[in-house]
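Structure first, then comments.
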Amino acid sequence: MLKKKTHKTVCSYCGVGCGILVDVDSKGKIEVDGDPDYPSNKGMLCSKGRNLNYVAQDTSDRIMHPQMRWSRNHPLEKVTWDTAFERAAAVFKSIIAKHGPDSVGFYVSGQCLTEEYYLVNKITKGFIGTNNVDTNSRLCMSSAVVGYKKTLGEDSVPISYEDIELADCFLIAGANPAWCHPILYRRLEQHKEDNPNVKIIVVDPRITQTCASADLHLQILPGTDVILFNAIARWLIEKKKIDKSFIKKHTSNFNACKESAFTLSLRQAAEKCGVPVADIRKAAQYIGDANKFISMWTMGLNQSVIGVSKNVALLNISLLTGQIGKPGCGPFSLTGQPNAMGGREVGGMANLLAAHKDLGNPQHRKEVSDFWGGKEINSEPGYTATEMFNALESGKMKAIWVICTNPVVSMPNANKIEKALKNAAFVVVQDISHNSETTKFADLVLPAAGWLEKDGTMTNSERRISYLPKVIDAPGEALPDVEILWRFAQAMGYEGFDYKNAAEVYDEHCLLTKGTNIDITGLSHERLKNEGSFQWPVPHKTHPGTPRLFTDLNFPTNDNKAHFNAPKSLYNKSEETDIDFPLILNTGRVRDQWHTRTKTGKVKRLLTHVPQPYLEMNKVDAFLRKLKEGDIAVIKSRRGEVQVKVKINFDIRERVVFLPMHWGKVLNNDFGRANNLTSDLIDPISKEPDFKYCAVQVEKF
Ligand code: SF4
């Protein structure tokens with residue numbers, strides 16, 4: 001029998017962040033299983049996590065060595081790491097000298113480890129002198145971040161997964177956790193099975209797998225979420241199902257919330273949402289009668305031009321009912337990416353500062369720049385995700401460094417992203433796989449180490465920080481992202497980047513959090529290795545971590561109270577449908593694929609669930625277009641088109657269609673890139689793009 005060594009790590013896919021046991025035998029064969037001792041998943045894994053061994057062992061698509069081209073007319077050719085760093089530093093220095101620091105930027109990923117995020121933020125804000133660092137988390141959670149800050153005074157998920165088993169009512173809005181956060185959903189499903197009186201309300205324009213456990217499904221018209229949440233708030237206030245004492249002592253701005261909630265009658269709201277008024281009353285009654293209420297939401301609320309309004313309207317319900325700061329209740333945003341909160345902790349976005357400090361606060365900026373010993377930090381937010389590519393297209397930005405993400409497939413209005421990258425003077429792509437279509441636009445391709453090939457930390461959706469060890473060697477000349485970043489900083493001549501390992505980067509990040517609301521000075525790689533995961537804050541070396549926030553009902557706002565908000569927009573302000581584009585396109589995930597499929601697309605058994613992109617369409621809309629199940633349809637928007645097979649049912653509302661977001665051009669389908677169609681309209685506050693509402697027409701091919 002071959003000798004095996006077992007390592008504890010965390011899944012590299014969704015924000016649930018399940019613990020995984022990795023066995024490596026003496027011949028290098030890898031097996032994975034759920035970690036029964038890890039609190040978030042208790043040994044369970046979904047299909048994606050369970051097949052991670054195939055991804056880790058298949059190196060057929062891996063980028064093995066740095067590649068560079070001297071001009072766009074030349075092919076990429078193999079170079080040494082030294083040449084790659086020299087060229088990157090020379091081009092960045094020359095562009096910055098000629099056009100200023102805001103002419104360059106970094107676009108990174110929620111799949112990066114916290115240490116990587118920390119360094120890219122330090123290089124950009126602290127040394128280059130621009131805040132042009134943004135991430136694909138902008139496409140995921142930025143509306144929730146603003147909602148939390150406006151309501152609770154801090155970007156934080158207040159609850160733990162263990163609160164699921166304590167609650168008796170759930171409102172799941174704009175989310176399909178059965179497919180997208182499967183292990184959390186398993187916990188919820190089991191809880192409902194054990195306690196049939198638990199109520200689950202699902203809000204979604206589609207009947208999804210999550211509806212299988214629902215007591216009530218509100219199949220609202222896309223974009224009407226604020227109207228629905230306000231109607232629920234109105235009913236709670238009218239029926240006196242609110243926690244008056246909590247509202248009086250621990251909140252402010254109740255009247256503004258009430259005024260907003262009373263803008264429409266329940267009947268008017270029901271008509272606008274396209275659901276029976278009795279169902280709105282029933283949902284409100286479930287919430288009003290609950291002892292412990294949890295709201296769960298994700299991209300259906302966040303990815304909207306009114307994403308912040310949707311978030312604050314939902315958060316108002318937790319405040320009205322006083323359902324926060326106690327076991328078994330609270331708002332719970334479900335995060336899409338594995339390092340759900342780590343990037344936000346280090347301030348790795350264009351409008352954030354490290355350690356949850358405030359970019360707009362001169363004292364905070366000084367504290368961070370003094371700590372780093374670099375330049376004064378610019379007070380103006382940098383370009384956010386879509387703004388960054390607009391700036392490349394217009395020529396305001398000249399160079400971009402893309403790390404661990406594939407914007408050519410994942411960004412809205414993808415044809416525009418291609419144009420922007422073609423227009424850039426210099427594109428660096430740091431990734432693990434040639435399957436990322438973005439590498440085709442690169443002047444410099446840097447091979448990065450992947451999951452199990454480097455060490456560092458991630459924070460999942462319940463603020464749980466875990467250490468991910470290096471288990472195997474990276475193929476070819478691939479290096480850990482953290483090392484690529486510090487060697488680039490050294491090549492730029494910056495001081496303070498002479499790290500020897502990721503642990504030193506982590507120690508620096510922890511120190512910067514001292515005295516903040518996310519203080520983790522009690523953590524280190526060593527402690528995480530020896531004692532397992534911790535939920536922040538962890539302010540000293542014997543601190544056990546913090547399962548719940550705001551238990552003293554003191555909120556980090558100017559008056560120590562939670563703030564009700566009156567949602568600025570009741571109505572969706574996405575593009576209008578018309579006679580040419582009469583249908584509303586909604587995009588999203590399928591169960592067994594992940595992001596742009598650079599990893600899951602390699603695993604044969606994950607292709608059996610949904611092998612190809614498809615358009616889900618109501619039978620009535622299909623009939624009107626003479627479309628039958630399996631026909632190829634052409635879907636057109638004002639920006640582009642795709643061609644996919646149609647899947648016809650009554651699970652989706654009339655005049656709404658759904659297309660999965662995973663497919664691009666590289667992996668076996670040239671025509672299914674959903675983001676050919678989507679619009680790059682963004683929420684004006686969170687700058688999160690609206691992937692959930694664009695006007696399209698569908699025709700038979
Ligand atoms: Fe990985 Fe998410 Fe599945 Fe857990 S639920 S195994 S974190 S993909």
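Just remember, in the structure tokens the first chain shown is A, the second B, etc., residues are 1-based per chain, and ligands are 1-based in the order shown.
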
Kindly compile the residues surrounding ligand 1 within 8 Å, counting only C-alpha atoms and all ligand atoms, and format them as a CSV table (one decimal) with N, CA and C atoms, in the first residue's frame.
```csv
chain,number,residue,atom,x,y,z
A,10,VAL,N,-8.8,24.4,2.1
A,10,VAL,CA,-10.2,24.9,1.8
A,10,VAL,C,-10.4,24.9,0.3
A,11,CYS,N,-11.7,24.7,0.0
A,11,CYS,CA,-12.1,24.7,-1.4
A,11,CYS,C,-11.8,26.0,-2.1
A,12,SER,N,-11.4,25.9,-3.4
A,12,SER,CA,-11.0,27.1,-4.2
A,12,SER,C,-12.2,27.6,-5.0
A,13,TYR,N,-13.4,27.2,-4.8
A,13,TYR,CA,-14.5,27.7,-5.6
A,13,TYR,C,-15.3,28.7,-4.9
A,14,CYS,N,-16.5,28.4,-4.4
A,14,CYS,CA,-17.4,29.4,-3.9
A,14,CYS,C,-17.1,29.9,-2.5
A,15,GLY,N,-17.8,31.0,-2.1
A,15,GLY,CA,-17.6,31.7,-0.8
A,15,GLY,C,-18.1,30.9,0.4
A,16,VAL,N,-18.7,29.7,0.2
A,16,VAL,CA,-19.0,28.9,1.3
A,16,VAL,C,-17.7,28.5,2.0
A,17,GLY,N,-16.7,28.2,1.2
A,17,GLY,CA,-15.4,28.0,1.8
A,17,GLY,C,-15.3,26.7,2.6
A,18,CYS,N,-15.6,25.6,1.9
A,18,CYS,CA,-15.6,24.3,2.7
A,18,CYS,C,-14.2,23.8,3.0
A,19,GLY,N,-14.1,23.1,4.1
A,19,GLY,CA,-12.8,22.5,4.5
A,19,GLY,C,-12.6,21.2,3.7
A,34,GLY,N,-14.3,15.8,2.1
A,34,GLY,CA,-14.7,16.9,3.0
A,34,GLY,C,-14.0,16.7,4.3
A,41,ASN,N,-18.6,23.2,6.7
A,41,ASN,CA,-19.2,22.2,5.9
A,41,ASN,C,-19.3,20.8,6.6
A,44,MET,N,-19.1,17.8,4.4
A,44,MET,CA,-19.8,17.7,3.1
A,44,MET,C,-19.0,18.5,2.0
A,45,LEU,N,-19.1,18.1,0.8
A,45,LEU,CA,-18.6,18.8,-0.4
A,45,LEU,C,-19.6,18.7,-1.5
A,46,CYS,N,-19.7,19.7,-2.3
A,46,CYS,CA,-20.6,19.6,-3.5
A,46,CYS,C,-19.8,19.0,-4.7
A,47,SER,N,-20.4,18.9,-5.8
A,47,SER,CA,-19.8,18.2,-6.9
A,47,SER,C,-18.5,18.9,-7.4
A,48,LYS,N,-18.5,20.2,-7.3
A,48,LYS,CA,-17.3,21.0,-7.8
A,48,LYS,C,-16.1,20.7,-6.8
A,49,GLY,N,-16.4,20.8,-5.5
A,49,GLY,CA,-15.3,20.6,-4.6
A,49,GLY,C,-14.8,19.1,-4.6
A,50,ARG,N,-15.7,18.2,-4.8
A,50,ARG,CA,-15.4,16.8,-4.8
A,50,ARG,C,-14.5,16.4,-6.0
A,180,CYS,N,-25.7,27.3,-6.3
A,180,CYS,CA,-24.5,28.2,-6.3
A,180,CYS,C,-23.8,28.2,-4.9
A,181,HIS,N,-24.5,27.8,-3.9
A,181,HIS,CA,-23.8,27.6,-2.5
A,181,HIS,C,-24.3,26.3,-1.9
A,182,PRO,N,-24.0,25.2,-2.6
A,182,PRO,CA,-24.7,24.0,-2.3
A,182,PRO,C,-24.6,23.5,-0.9
A,183,ILE,N,-23.5,23.7,-0.2
A,183,ILE,CA,-23.3,23.1,1.1
A,183,ILE,C,-24.1,23.9,2.1
A,184,LEU,N,-24.2,25.2,1.9
A,184,LEU,CA,-25.0,26.0,2.8
A,184,LEU,C,-26.5,25.6,2.6
A,338,PRO,N,-14.2,32.4,-3.5
A,338,PRO,CA,-13.7,31.6,-2.3
A,338,PRO,C,-13.1,32.5,-1.2
```

Contact residues around region 419-430 of chain A with only C-alpha atoms at 7 Å, ignoring same-chain residues under 2 positions, as a ChimeraX atom specification: /A:389-390,392-393,398-404,415-417,439,441-448

Excluding region 470-473 of chain A and residues on its chain fewer than 3 positions from it, collect all residues at most 9 Å away from it, counting only C-alpha atoms, and give them as a list of chain:residue names.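 Contacts, with the query itself left out: A:His7, A:Val22, A:Val24, A:Gly28, A:Ala449, A:Trp451, A:Leu452, A:Glu453, A:Lys454, A:Asp455, A:Gly456.
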
Excluding region 36-39 of chain A and its own-chain neighbours fewer than 3 positions away, which residues fall within 9 Å of it when counting only C-alpha atoms? Please give them as a short mmCIF file (atom, residue, chain, number, x, y, z; two decimals) with N, CA and C atoms, in the first residue's frame.
```cif
data_model
loop_
_atom_site.label_atom_id
_atom_site.label_comp_id
_atom_site.auth_asym_id
_atom_site.auth_seq_id
_atom_site.Cartn_x
_atom_site.Cartn_y
_atom_site.Cartn_z
N CYS A 18 -15.61 25.56 1.93
CA CYS A 18 -15.64 24.28 2.65
C CYS A 18 -14.23 23.77 2.95
N GLY A 19 -14.09 23.14 4.13
CA GLY A 19 -12.82 22.52 4.50
C GLY A 19 -12.63 21.22 3.73
N ILE A 20 -11.41 21.00 3.24
CA ILE A 20 -11.12 19.81 2.43
C ILE A 20 -9.90 19.09 2.99
N LEU A 21 -9.97 17.76 3.00
CA LEU A 21 -8.79 16.95 3.31
C LEU A 21 -8.18 16.51 1.99
N ASP A 33 -11.45 14.94 0.02
CA ASP A 33 -12.67 14.59 0.74
C ASP A 33 -13.04 15.77 1.64
N LYS A 42 -18.68 20.65 7.75
CA LYS A 42 -18.82 19.41 8.53
C LYS A 42 -18.65 18.16 7.67
N GLY A 43 -17.70 18.18 6.78
CA GLY A 43 -17.39 16.98 5.98
C GLY A 43 -18.08 16.94 4.63
N MET A 44 -19.06 17.80 4.39
CA MET A 44 -19.77 17.73 3.10
C MET A 44 -18.99 18.51 2.03
N TYR A 161 -22.51 30.42 10.01
CA TYR A 161 -23.35 29.38 9.39
C TYR A 161 -24.17 28.63 10.43
N GLU A 162 -23.63 28.52 11.65
CA GLU A 162 -24.37 27.75 12.67
C GLU A 162 -25.68 28.44 13.04
N GLY A 532 -6.30 25.70 13.56
CA GLY A 532 -7.44 25.68 12.63
C GLY A 532 -7.96 27.08 12.34
N SER A 533 -9.18 27.17 11.83
CA SER A 533 -9.71 28.43 11.33
C SER A 533 -10.27 29.32 12.45
#
```

Tell me which of A:Leu523, A:Ala167, A:Ala270, A:Ala178 sits closest to Leu218 (chain A), counting only C-alpha atoms.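 Among the listed residues, the smallest separation from Leu218 (chain A) belongs to A:Ala270.
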
Counting only C-alpha atoms, what is within 6 Å of region 286-297 of chain A, bar same-chain residues fewer than 3 positions away, as JSON, numbers by chain? {"A": [167, 168, 169, 170, 171, 172, 173, 174, 175, 241, 283, 328, 329, 330, 331, 332, 333, 334]}

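Using only C-alpha atoms, the shortest contact distance between Phe691 (chain A) and any of A:Leu627, A:Ile652, A:Met411, A:Leu264 is found at A:Met411.
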
Considering only alpha helix (DSSP H) as DSSP defines it on the backbone, what residues of region 243-357 of chain A qualify? List them as a ChimeraX atom specification. /A:244-250,254-261,266-273,277-289,299-302,307-320,342-345

Which residue of A:Asp358, A:Asp621, A:Glu504, A:Asp481 approaches His525 (chain A) most closely, using only C-alpha atoms: A:Glu504

Please report the interatomic distance between CA of Phe650 (chain A) and CA of Gln209 (chain A) in Å with one decimal.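 We find that CA of Phe650 (chain A) and CA of Gln209 (chain A) lie 13.9 Å from each other.
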
Show me, as a list in words, the residues that have an atom within 9 Å of Leu188 (chain A) when counting only C-alpha atoms, minus same-chain residues fewer than 3 positions from it. Ile164, Glu165, Ile183, Leu184, Tyr185, His191, Lys192, Glu193 and Ser213 of chain A

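The spacing separating CA of Glu437 (chain A) from CA of Met68 (chain A) amounts to 16.2 Å.
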